[in-house]
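With PDB, C-alpha atoms and all ligand atoms inside, this is protein.pdb:
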```
MODEL        1
ATOM      1  CA  MET A   1     -24.852 -13.808  -5.276  1.00  0.00           C
ATOM      2  CA  LEU A   2     -21.159 -13.055  -5.466  1.00  0.00           C
ATOM      3  CA  ASP A   3     -20.036 -11.219  -8.532  1.00  0.00           C
ATOM      4  CA  LEU A   4     -16.658 -12.863  -9.057  1.00  0.00           C
ATOM      5  CA  GLU A   5     -15.453  -9.985 -11.194  1.00  0.00           C
ATOM      6  CA  GLU A   6     -15.351  -7.854  -8.058  1.00  0.00           C
ATOM      7  CA  TYR A   7     -12.901 -10.150  -6.249  1.00  0.00           C
ATOM      8  CA  ALA A   8      -9.126 -10.366  -6.428  1.00  0.00           C
ATOM      9  CA  GLY A   9      -9.024 -13.910  -5.072  1.00  0.00           C
ATOM     10  CA  PHE A  10      -8.598 -15.965  -1.934  1.00  0.00           C
ATOM     11  CA  ILE A  11      -6.043 -15.854   0.814  1.00  0.00           C
ATOM     12  CA  ILE A  12      -5.761 -19.229   2.531  1.00  0.00           C
ATOM     13  CA  TYR A  13      -5.193 -19.492   6.271  1.00  0.00           C
ATOM     14  CA  PRO A  14      -1.621 -20.769   6.797  1.00  0.00           C
ATOM     15  CA  CYS A  15      -2.733 -22.944   9.730  1.00  0.00           C
ATOM     16  CA  CYS A  16      -5.815 -24.486   8.112  1.00  0.00           C
ATOM     17  CA  PRO A  17      -5.790 -24.641   4.304  1.00  0.00           C
ATOM     18  CA  LYS A  18      -9.511 -25.337   4.188  1.00  0.00           C
ATOM     19  CA  GLU A  19     -10.212 -21.920   5.685  1.00  0.00           C
ATOM     20  CA  LYS A  20      -9.926 -18.949   3.388  1.00  0.00           C
ATOM     21  CA  VAL A  21     -10.743 -15.281   3.055  1.00  0.00           C
ATOM     22  CA  LEU A  22     -12.283 -13.827  -0.082  1.00  0.00           C
ATOM     23  CA  VAL A  23     -10.666 -10.508  -0.987  1.00  0.00           C
ATOM     24  CA  LYS A  24     -12.304  -7.785  -3.025  1.00  0.00           C
ATOM     25  CA  LYS A  25     -10.332  -6.005  -5.710  1.00  0.00           C
ATOM     26  CA  GLY A  26      -8.707  -2.816  -4.485  1.00  0.00           C
ATOM     27  CA  THR A  27      -8.338  -4.016  -0.899  1.00  0.00           C
ATOM     28  CA  THR A  28      -5.116  -2.750   0.665  1.00  0.00           C
ATOM     29  CA  GLY A  29      -3.516  -2.907   4.072  1.00  0.00           C
ATOM     30  CA  ALA A  30      -3.539  -5.758   6.540  1.00  0.00           C
ATOM     31  CA  THR A  31      -5.787  -7.190   9.214  1.00  0.00           C
ATOM     32  CA  SER A  32      -5.369  -9.680  11.999  1.00  0.00           C
ATOM     33  CA  GLN A  33      -8.023 -12.358  12.083  1.00  0.00           C
ATOM     34  CA  LYS A  34      -8.672 -15.346  14.248  1.00  0.00           C
ATOM     35  CA  CYS A  35      -8.905 -18.623  12.385  1.00  0.00           C
ATOM     36  CA  PRO A  36     -12.499 -19.880  12.577  1.00  0.00           C
ATOM     37  CA  HIS A  37     -11.242 -23.452  12.711  1.00  0.00           C
ATOM     38  CA  CYS A  38      -8.328 -23.531  15.181  1.00  0.00           C
ATOM     39  CA  GLY A  39      -8.467 -20.065  16.767  1.00  0.00           C
ATOM     40  CA  LYS A  40      -4.920 -19.047  15.880  1.00  0.00           C
ATOM     41  CA  TYR A  41      -4.243 -15.434  14.989  1.00  0.00           C
ATOM     42  CA  VAL A  42      -3.332 -14.791  11.381  1.00  0.00           C
ATOM     43  CA  LEU A  43      -2.113 -11.565   9.796  1.00  0.00           C
ATOM     44  CA  PHE A  44      -3.605 -11.053   6.345  1.00  0.00           C
ATOM     45  CA  ASP A  45      -1.586  -8.787   4.065  1.00  0.00           C
ATOM     46  CA  TYR A  46      -3.900  -7.719   1.246  1.00  0.00           C
ATOM     47  CA  ASN A  47      -1.181  -5.851  -0.627  1.00  0.00           C
ATOM     48  CA  ARG A  48       0.784  -9.067  -1.058  1.00  0.00           C
ATOM     49  CA  MET A  49      -2.229 -11.416  -0.938  1.00  0.00           C
ATOM     50  CA  GLU A  50      -0.480 -13.515   1.688  1.00  0.00           C
ATOM     51  CA  ALA A  51      -1.170 -14.526   5.267  1.00  0.00           C
ATOM     52  CA  PHE A  52       1.157 -15.246   8.181  1.00  0.00           C
ATOM     53  CA  LEU A  53       0.686 -16.753  11.606  1.00  0.00           C
ATOM     54  CA  MET A  54       1.171 -14.173  14.335  1.00  0.00           C
ATOM     55  CA  LYS A  55       1.222 -14.066  18.095  1.00  0.00           C
ATOM     56  CA  PRO A  56      -1.852 -12.686  19.828  1.00  0.00           C
ATOM     57  CA  LEU A  57      -1.394  -8.985  20.531  1.00  0.00           C
ATOM     58  CA  ARG A  58      -1.600  -9.011  24.290  1.00  0.00           C
ATOM     59  CA  GLY A  59      -3.318  -5.966  25.689  1.00  0.00           C
ATOM     60  CA  ALA A  60      -4.507  -4.748  22.292  1.00  0.00           C
ATOM     61  CA  ALA A  61      -8.195  -4.821  23.173  1.00  0.00           C
ATOM     62  CA  LYS A  62      -7.587  -2.882  26.383  1.00  0.00           C
ATOM     63  CA  ARG A  63      -5.303  -0.358  24.721  1.00  0.00           C
ATOM     64  CA  PHE A  64      -7.696   0.497  21.913  1.00  0.00           C
ATOM     65  CA  ALA A  65     -10.638   0.594  24.300  1.00  0.00           C
ATOM     66  CA  ASP A  66      -8.746   3.097  26.482  1.00  0.00           C
ATOM     67  CA  ASN A  67      -7.966   5.326  23.506  1.00  0.00           C
ATOM     68  CA  SER A  68     -11.531   5.610  22.289  1.00  0.00           C
TER      69      SER A  68
HETATM   70 ZN    ZN B   1      -6.473 -22.514  11.700  1.00  0.00          ZN
ENDMDL
END
```
Would it be possible to restate this file's structure as structure tokens?
Amino acid sequence: MLDLEEYAGFIIYPCCPKEKVLVKKGTTGATSQKCPHCGKYVLFDYNRMEAFLMKPLRGAAKRFADNS
């Protein structure tokens, strides 16, 4: 079971308000995530507890694979 005391709240996907991410307290930084509903890329900023639509980062998968 979720212990709600451990969570800071939800961030809602800007493209699909029914989709949301549950954020634990103390989470910082940002991640890019693909919307499970429409497949758009969304940047989640956990410092501000906001999310923004973003363009897919072309070549990102290849670049990070090459660096590993
Ligand atoms: Zn969506």
Can you tell me which residues sit at most 9 Å away from ligand ZN 1 (chain B), counting only C-alpha atoms and all ligand atoms, written as a ChimeraX atom specification?
/A:13-19,34-42
Reference answer for the PyMOL selection byres (((chain A and resi 52) around 7) and not hetatm), as a VMD selection string:
chain A and resid 14 42 to 44 50 to 51 53 to 54
What separation in Å, quoted to one decimal, exists between atom CA of Asp45 of chain A and atom CA of Thr27 of chain A?
9.6 Å
Find the residues with any atom within 6 Å of (-2.3, -5.7, 2.2); use only C-alpha atoms and the coordinates as given in the file, and write the answer as a ChimeraX atom specification.
/A:28-30,45-48
Atom pair atom CA of Gly26 of chain A + atom CA of Lys55 of chain A, distance 27.1 Å
Residue IDs satisfying the PyMOL selection byres (((chain A and resi 11) around 7) and not hetatm), as a short mmCIF file (atom, residue, chain, number, x, y, z; two decimals) with C-alpha atoms, in the frame of the given file:
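As written to disk, part07.cif reads:
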```cif
data_model
loop_
_atom_site.label_atom_id
_atom_site.label_comp_id
_atom_site.auth_asym_id
_atom_site.auth_seq_id
_atom_site.Cartn_x
_atom_site.Cartn_y
_atom_site.Cartn_z
CA GLY A 9 -9.02 -13.91 -5.07
CA PHE A 10 -8.60 -15.96 -1.93
CA ILE A 12 -5.76 -19.23 2.53
CA TYR A 13 -5.19 -19.49 6.27
CA LYS A 20 -9.93 -18.95 3.39
CA VAL A 21 -10.74 -15.28 3.06
CA LEU A 22 -12.28 -13.83 -0.08
CA MET A 49 -2.23 -11.42 -0.94
CA GLU A 50 -0.48 -13.52 1.69
CA ALA A 51 -1.17 -14.53 5.27
#
```
What does the distance from atom CA of Ala65 of chain A to atom CA of Val23 of chain A come to in Å, to one decimal?
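Going from atom CA of Ala65 of chain A over to atom CA of Val23 of chain A covers 27.6 Å.
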Using all atoms listed in the file, can you tell me which of A:Leu57, A:Lys25, A:Gln33, A:Lys62 comes closest to Ala8 of chain A?
A:Lys25
